[in-house]
Amino acid sequence: MTDTNKPSVLFVCVHNAGRSQMAAGFLRDIAGDRIEVRSAGSMPANQINPMAAAAMAELGIDITSEQPKVLTTEAVQDSDVVITMGCGDACPFFPGKRYEDWKLDDPAGQDLDAVRPIRDEIRTRISQLVSELV
């Protein structure tokens, strides 16, 4: 059961192992319990991208306990804001939801030096999102 006064955000990328997990980690860290956070992938990976986890750990945010999850229609229906990151047409669309598509490089297969700028761009976008929602 969701708290109707609390906005909910769903982050979606293909593997739910990098970008969407970093975004969810930042949103939990910045917004605390003021925003409900979900993440999912259209084709979830087996585990979190270790470089994404390392980049987040540099900022004191631990995402290693998260597991990639499959995108469900229910997750979209239960969210106020749906932010996609390169999942294309795999995301179901429901009228009345706020959709944003964030164009971000995929950290898959990248080294830590390449993942840091992606992480920092996500943090900037999350800060803006929090200021809009709370």
# chains A, B, ... in the order shown; residues from 1 in each chain; ligands from 1
$ closest_atom_pairs --of "stretch 75-102 of chain A" --to "stretch 7-15 of chain A" --cutoff "8 Å" --atoms "only C-alpha atoms" --output "tab-separated table"
residue	atom	partner	partner_atom	distance
A:Ala75	CA	A:Leu10	CA	7.3
A:Val76	CA	A:Leu10	CA	7.0
A:Asp78	CA	A:Ser8	CA	7.6
A:Ser79	CA	A:Ser8	CA	4.9
A:Asp80	CA	A:Ser8	CA	5.2
A:Val81	CA	A:Val9	CA	4.7
A:Val82	CA	A:Leu10	CA	4.8
A:Ile83	CA	A:Phe11	CA	4.9
A:Thr84	CA	A:Val12	CA	4.7
A:Met85	CA	A:Cys13	CA	4.8
A:Gly86	CA	A:Cys13	CA	5.8
A:Cys87	CA	A:Val14	CA	5.1
A:Cys91	CA	A:Val12	CA	7.8
$ select_by_dssp --residues "stretch 9-124 of chain A" --states "strand (DSSP E or B)" --output "MDAnalysis selection string"
chainID A and resid 9:13 36:41 70 81:85 98:101
$ write_last_selection --atoms "C-alpha atoms" --output "mmCIF file, in the first residue's frame"
data_model
loop_
_atom_site.group_PDB
_atom_site.id
_atom_site.type_symbol
_atom_site.label_atom_id
_atom_site.label_comp_id
_atom_site.auth_asym_id
_atom_site.auth_seq_id
_atom_site.Cartn_x
_atom_site.Cartn_y
_atom_site.Cartn_z
ATOM 1 C CA VAL A 9 9.399 7.388 -8.824
ATOM 2 C CA LEU A 10 10.282 4.398 -11.010
ATOM 3 C CA PHE A 11 13.666 4.273 -12.747
ATOM 4 C CA VAL A 12 13.866 1.967 -15.753
ATOM 5 C CA CYS A 13 16.843 0.886 -17.840
ATOM 6 C CA GLU A 36 9.000 6.175 -2.728
ATOM 7 C CA VAL A 37 11.727 4.715 -4.946
ATOM 8 C CA ARG A 38 11.476 1.823 -7.413
ATOM 9 C CA SER A 39 13.746 0.568 -10.169
ATOM 10 C CA ALA A 40 13.404 -2.133 -12.787
ATOM 11 C CA GLY A 41 14.742 -3.327 -16.115
ATOM 12 C CA VAL A 70 12.060 -7.148 -14.008
ATOM 13 C CA VAL A 81 6.963 9.548 -12.245
ATOM 14 C CA VAL A 82 8.561 7.062 -14.651
ATOM 15 C CA ILE A 83 12.129 7.848 -15.703
ATOM 16 C CA THR A 84 13.518 5.746 -18.525
ATOM 17 C CA MET A 85 17.182 5.446 -19.406
ATOM 18 C CA ARG A 98 4.864 11.870 -15.792
ATOM 19 C CA TYR A 99 7.432 10.307 -18.120
ATOM 20 C CA GLU A 100 11.001 11.479 -18.643
ATOM 21 C CA ASP A 101 13.666 9.868 -20.788
#
$ select_by_dssp --residues "chain A" --states "alpha helix (DSSP H)" --output "count of residues only"
48
$ residues_around --residues "stretch 54-66 of chain A" --least-positions-apart "2" --cutoff "12 Å" --atoms "only C-alpha atoms" --output "JSON, numbers by chain"
{"A": [16, 17, 18, 19, 20, 21, 22, 23, 24, 25, 26, 27, 28, 29, 30, 38, 39, 40, 45, 46, 47, 48, 49, 50, 51, 52, 68, 69, 107, 110, 111, 112, 113, 114, 115, 116, 117, 118, 119, 120, 122, 123]}
$ write_last_selection --atoms "N, CA and C atoms" --output "CSV table (one decimal), in the first residue's frame"
chain,number,residue,atom,x,y,z
A,16,ASN,N,18.8,-2.8,-15.4
A,16,ASN,CA,18.5,-2.5,-14.0
A,16,ASN,C,19.7,-2.8,-13.2
A,17,ALA,N,20.9,-2.6,-13.7
A,17,ALA,CA,22.2,-2.9,-13.0
A,17,ALA,C,23.1,-1.7,-12.8
A,18,GLY,N,22.9,-0.6,-13.6
A,18,GLY,CA,23.8,0.5,-13.5
A,18,GLY,C,23.0,1.8,-13.3
A,19,ARG,N,22.6,2.4,-14.4
A,19,ARG,CA,22.0,3.7,-14.4
A,19,ARG,C,20.8,3.8,-13.4
A,20,SER,N,19.8,2.9,-13.6
A,20,SER,CA,18.6,3.0,-12.8
A,20,SER,C,18.9,2.7,-11.3
A,21,GLN,N,19.9,1.8,-11.0
A,21,GLN,CA,20.3,1.5,-9.7
A,21,GLN,C,21.0,2.7,-9.0
A,22,MET,N,21.9,3.4,-9.8
A,22,MET,CA,22.5,4.6,-9.3
A,22,MET,C,21.5,5.7,-9.0
A,23,ALA,N,20.6,5.9,-9.9
A,23,ALA,CA,19.5,6.9,-9.7
A,23,ALA,C,18.7,6.6,-8.5
A,24,ALA,N,18.3,5.3,-8.3
A,24,ALA,CA,17.5,4.9,-7.1
A,24,ALA,C,18.3,5.2,-5.8
A,25,GLY,N,19.6,4.8,-5.9
A,25,GLY,CA,20.5,5.0,-4.7
A,25,GLY,C,20.6,6.5,-4.3
A,26,PHE,N,20.8,7.4,-5.3
A,26,PHE,CA,20.8,8.8,-5.1
A,26,PHE,C,19.5,9.3,-4.5
A,27,LEU,N,18.4,8.9,-5.1
A,27,LEU,CA,17.1,9.4,-4.7
A,27,LEU,C,16.8,9.0,-3.2
A,28,ARG,N,17.1,7.7,-2.9
A,28,ARG,CA,17.0,7.3,-1.5
A,28,ARG,C,17.9,8.2,-0.6
A,29,ASP,N,19.1,8.4,-1.0
A,29,ASP,CA,20.0,9.2,-0.2
A,29,ASP,C,19.6,10.6,0.0
A,30,ILE,N,19.2,11.3,-1.1
A,30,ILE,CA,18.8,12.7,-1.1
A,30,ILE,C,17.4,12.9,-0.5
A,38,ARG,N,11.5,3.1,-6.8
A,38,ARG,CA,11.5,1.8,-7.4
A,38,ARG,C,12.5,1.9,-8.6
A,39,SER,N,13.0,0.7,-8.9
A,39,SER,CA,13.7,0.6,-10.2
A,39,SER,C,13.5,-0.8,-10.8
A,40,ALA,N,13.7,-0.9,-12.1
A,40,ALA,CA,13.4,-2.1,-12.8
A,40,ALA,C,14.1,-2.1,-14.2
A,45,ALA,N,19.7,-7.8,-15.5
A,45,ALA,CA,21.0,-8.5,-15.4
A,45,ALA,C,20.9,-9.4,-14.2
A,46,ASN,N,22.0,-10.2,-14.0
A,46,ASN,CA,22.1,-11.1,-12.9
A,46,ASN,C,22.5,-10.4,-11.6
A,47,GLN,N,23.2,-9.3,-11.8
A,47,GLN,CA,23.7,-8.6,-10.6
A,47,GLN,C,24.0,-7.1,-10.9
A,48,ILE,N,24.1,-6.3,-9.9
A,48,ILE,CA,24.5,-4.9,-10.0
A,48,ILE,C,25.8,-4.8,-10.7
A,49,ASN,N,25.9,-3.8,-11.6
A,49,ASN,CA,27.2,-3.5,-12.3
A,49,ASN,C,28.3,-3.1,-11.2
A,50,PRO,N,29.4,-3.9,-11.1
A,50,PRO,CA,30.3,-3.6,-10.0
A,50,PRO,C,31.0,-2.2,-10.1
A,51,MET,N,31.1,-1.7,-11.4
A,51,MET,CA,31.7,-0.3,-11.5
A,51,MET,C,30.7,0.7,-11.0
A,52,ALA,N,29.4,0.5,-11.3
A,52,ALA,CA,28.3,1.4,-10.8
A,52,ALA,C,28.4,1.4,-9.2
A,68,PRO,N,18.8,-6.6,-9.5
A,68,PRO,CA,18.1,-6.2,-10.7
A,68,PRO,C,16.7,-6.8,-10.7
A,69,LYS,N,15.7,-6.1,-11.0
A,69,LYS,CA,14.3,-6.5,-11.0
A,69,LYS,C,13.7,-6.4,-12.4
A,107,PRO,N,26.8,2.4,-18.4
A,107,PRO,CA,28.0,2.1,-17.7
A,107,PRO,C,28.5,0.7,-17.9
A,110,GLN,N,32.1,-0.5,-18.8
A,110,GLN,CA,33.0,0.7,-18.7
A,110,GLN,C,33.9,0.6,-17.5
A,111,ASP,N,35.0,1.3,-17.4
A,111,ASP,CA,35.8,1.3,-16.2
A,111,ASP,C,35.3,2.5,-15.3
A,112,LEU,N,35.9,2.5,-14.1
A,112,LEU,CA,35.4,3.5,-13.1
A,112,LEU,C,35.6,4.9,-13.6
A,113,ASP,N,36.6,5.2,-14.3
A,113,ASP,CA,36.8,6.6,-14.8
A,113,ASP,C,35.7,7.0,-15.8
A,114,ALA,N,35.2,6.0,-16.5
A,114,ALA,CA,34.1,6.3,-17.5
A,114,ALA,C,32.7,6.4,-16.8
A,115,VAL,N,32.6,5.6,-15.6
A,115,VAL,CA,31.3,5.6,-14.9
A,115,VAL,C,31.1,6.8,-14.1
A,116,ARG,N,32.2,7.4,-13.6
A,116,ARG,CA,32.0,8.6,-12.7
A,116,ARG,C,31.2,9.7,-13.3
A,117,PRO,N,31.5,10.1,-14.6
A,117,PRO,CA,30.7,11.2,-15.1
A,117,PRO,C,29.2,10.9,-15.3
A,118,ILE,N,28.9,9.6,-15.6
A,118,ILE,CA,27.5,9.1,-15.7
A,118,ILE,C,26.9,9.3,-14.3
A,119,ARG,N,27.6,8.8,-13.3
A,119,ARG,CA,27.1,8.9,-11.9
A,119,ARG,C,26.8,10.4,-11.5
A,120,ASP,N,27.8,11.3,-11.9
A,120,ASP,CA,27.6,12.7,-11.5
A,120,ASP,C,26.5,13.3,-12.2
A,122,ILE,N,23.8,11.7,-13.2
A,122,ILE,CA,22.6,11.2,-12.5
A,122,ILE,C,22.3,12.0,-11.2
A,123,ARG,N,23.4,12.2,-10.4
A,123,ARG,CA,23.2,13.0,-9.2
A,123,ARG,C,22.6,14.3,-9.4
$ atom_distance --atom1 "atom CA of A:Lys97" --atom2 "atom CA of A:Ser127"
20.2 Å
